[in-house]
$ cat final09.txt   # compact mmCIF, C-alpha atoms
# COMPACT_ATOMS: atom_id res chain seq x y z
CA MET A 244 98.16 47.85 27.14
CA ARG A 245 94.80 46.19 26.71
CA ALA A 246 96.26 42.95 25.40
CA GLN A 247 98.63 42.48 28.37
CA PRO A 248 97.50 44.80 31.18
CA LYS A 249 99.42 42.98 33.93
CA ALA A 250 102.66 43.24 31.98
CA PHE A 251 101.97 46.94 31.54
CA PHE A 252 101.34 47.37 35.28
CA ASN A 253 104.56 45.50 36.03
CA ALA A 254 106.51 47.80 33.72
CA ILE A 255 105.09 50.91 35.38
CA ALA A 256 105.77 49.50 38.84
CA GLU A 257 109.33 48.61 37.82
CA TYR A 258 109.87 52.04 36.28
CA THR A 259 108.63 53.84 39.40
CA GLY A 260 110.34 51.46 41.82
CA ALA A 261 107.03 50.40 43.37
CA THR A 262 105.81 46.97 44.36
CA LEU A 263 102.51 45.62 43.14
CA ASP A 264 100.44 42.56 44.00
CA LEU A 265 98.99 41.67 40.60
CA ASP A 266 96.60 39.13 42.12
CA ALA A 267 94.91 41.97 44.01
CA VAL A 268 94.38 44.04 40.83
CA ASN A 269 90.80 43.85 39.60
CA LEU A 270 90.63 44.27 35.82
CA ASN A 271 86.83 44.25 35.56
CA PRO A 272 85.30 47.41 34.10
CA LYS A 273 83.98 49.74 36.79
CA HIS A 274 81.09 51.46 35.05
CA ALA A 275 79.86 52.14 31.57
CA SER A 276 80.10 55.54 30.00
CA TYR A 277 77.16 57.85 29.73
CA SER A 278 75.67 58.83 26.40
CA LEU A 279 76.41 62.22 24.93
CA LYS A 280 72.77 63.20 25.45
CA GLN A 281 72.99 62.34 29.18
CA LEU A 282 76.21 64.34 29.54
CA HIS A 283 74.67 67.37 27.81
CA PHE A 284 71.62 67.10 30.04
CA ILE A 285 73.58 66.95 33.30
CA HIS A 286 75.83 69.77 32.07
CA GLN A 287 72.79 72.00 31.54
CA PHE A 288 71.29 70.92 34.86
CA SER A 289 74.52 71.60 36.75
CA GLN A 290 74.65 75.17 35.44
CA THR A 291 71.65 75.83 37.70
CA PHE A 292 72.28 73.34 40.52
CA ASP A 293 75.67 72.63 42.08
CA LEU A 294 76.12 68.84 41.89
CA ARG A 295 79.83 68.78 42.74
CA LYS A 296 80.96 66.36 45.39
CA ARG A 297 81.94 68.43 48.41
CA ARG A 298 81.98 68.24 52.18
CA VAL A 299 79.08 70.24 53.63
CA PHE A 300 78.89 68.71 57.11
CA LYS A 301 81.73 67.99 59.52
CA ASN A 302 79.67 65.24 61.11
CA GLY A 303 80.41 61.97 59.32
CA LEU A 304 76.83 60.67 59.49
CA LEU A 305 75.34 63.91 58.15
CA HIS A 306 77.98 63.98 55.44
CA PHE A 307 77.06 60.40 54.46
CA PHE A 308 73.39 61.35 54.11
CA TRP A 309 74.36 64.47 52.13
CA ARG A 310 76.39 62.33 49.70
CA LEU A 311 73.51 59.88 49.43
CA PHE A 312 71.08 62.71 48.69
CA LEU A 313 73.37 64.38 46.16
CA GLY A 314 74.18 61.08 44.47
CA SER A 315 70.51 60.20 44.14
CA ILE A 316 69.88 63.55 42.45
CA ARG A 317 72.90 63.18 40.17
CA TYR A 318 72.01 59.68 38.98
CA THR A 319 68.31 60.52 38.63
CA VAL A 320 69.25 63.46 36.40
CA LEU A 321 71.55 61.22 34.35
CA PHE A 322 68.78 58.64 34.00
CA LEU A 323 66.21 61.25 32.95
CA GLY A 324 68.72 62.67 30.48
CA GLN A 325 68.18 59.61 28.31
CA TYR A 326 64.53 60.51 27.73
CA LEU A 327 64.12 64.28 28.06
CA PRO A 328 64.95 66.75 25.28
CA VAL A 329 68.25 68.59 25.45
CA LYS A 330 69.04 72.02 24.01
CA ASN A 331 72.22 72.38 21.90
CA SER A 332 73.02 68.68 22.05
CA ASP A 333 74.89 68.96 18.75
CA GLN A 334 77.57 71.21 20.27
CA PRO A 335 80.68 69.60 21.77
CA LEU A 336 80.89 69.37 25.56
CA ILE A 337 84.52 70.53 25.59
CA SER A 338 85.79 73.17 23.20
CA SER A 339 88.40 72.10 20.66
CA GLN A 340 90.77 74.79 21.99
CA GLU A 341 90.60 73.35 25.50
CA LEU A 342 91.13 69.82 24.18
CA GLU A 343 94.17 71.00 22.23
CA GLN A 344 95.62 72.66 25.36
CA VAL A 345 95.21 69.45 27.34
CA LYS A 346 96.72 67.40 24.51
CA ASN A 347 99.74 69.70 24.31
CA ALA A 348 100.21 69.65 28.09
CA TYR A 349 100.36 65.84 28.20
CA ASP A 350 101.96 65.09 24.82
CA ASP A 351 105.38 64.25 26.27
CA ASP A 352 103.87 61.95 28.91
CA TRP A 353 101.76 60.17 26.27
CA GLU A 354 104.75 59.56 23.99
CA HIS A 355 106.79 58.27 26.92
CA MET A 356 104.03 55.82 27.92
CA GLN A 357 103.71 54.62 24.32
CA ARG A 358 107.47 53.89 24.21
CA ILE A 359 107.14 51.88 27.44
CA ALA A 360 104.16 49.99 26.02
CA LEU A 361 106.11 49.11 22.87
CA ARG A 362 108.92 47.64 24.99
CA ILE A 363 106.43 45.40 26.81
CA THR A 364 104.85 43.90 23.69

$ encode --input "final09.txt" --output "structure tokens"
Amino acid sequence: MRAQPKAFFNAIAEYTGATLDLDAVNLNPKHASYSLKQLHFIHQFSQTFDLRKRRVFKNGLLHFFWRLFLGSIRYTVLFLGQYLPVKNSDQPLISSQELEQVKNAYDDDWEHMQRIALRIT
């Protein structure tokens, strides 16, 4: 998949019967991941403050300013999470039981995608 992403996209498009303009596909990475410490910090912060993206205002301009405000808080908290101490940072963010449930739910899809990827390479 990583070695030949456009071939992979073509195979998925062919499989689903869709058309795809490969020249319009941007393969540049979109953003870097956050560190585990930052994720623990924002998880603790969001237990007190609701940082979920949601529509609060029907007015488009007010909604834009709300998103700007909420985003500035979210990214400030993530930035500060690099430097401030975090409680229980050695515990996993997602329980192993929940991860296993997700893995089991998507196992068939994952195996199917791996078979398609093997046909491409």

$ atom_distance --input "final09.txt" --atom1 "atom CA of A:Val329" --atom2 "atom CA of A:Gln290"
13.6 Å

$ closest_residue --input "final09.txt" --among "A:Ala250, A:Leu311, A:Leu342, A:Leu321" --to "A:Ser278" --atoms "only C-alpha atoms"
A:Leu321

$ residues_near_point --input "final09.txt" --point "(74.8, 69.1, 32.7)" --cutoff "12 Å" --atoms "only C-alpha atoms" --output "list of chain:residue names"
A:Tyr277, A:Leu279, A:Lys280, A:Gln281, A:Leu282, A:His283, A:Phe284, A:Ile285, A:His286, A:Gln287, A:Phe288, A:Ser289, A:Gln290, A:Thr291, A:Phe292, A:Asp293, A:Leu294, A:Arg295, A:Arg317, A:Tyr318, A:Val320, A:Leu321, A:Leu323, A:Gly324, A:Val329, A:Lys330, A:Asn331, A:Ser332, A:Leu336

$ atom_distance --input "final09.txt" --atom1 "atom CA of A:Trp309" --atom2 "atom CA of A:Tyr326"
26.6 Å

$ closest_residue --input "final09.txt" --among "A:Pro328, A:Ile255, A:His306, A:Pro335" --to "A:His355" --atoms "only C-alpha atoms"
A:Ile255

$ atom_distance --input "final09.txt" --atom1 "atom CA of A:Asp351" --atom2 "atom CA of A:Glu257"
19.8 Å

$ closest_residue --input "final09.txt" --among "A:Phe312, A:Tyr349, A:Ile359, A:Arg297" --to "A:Asn253" --atoms "only C-alpha atoms"
A:Ile359
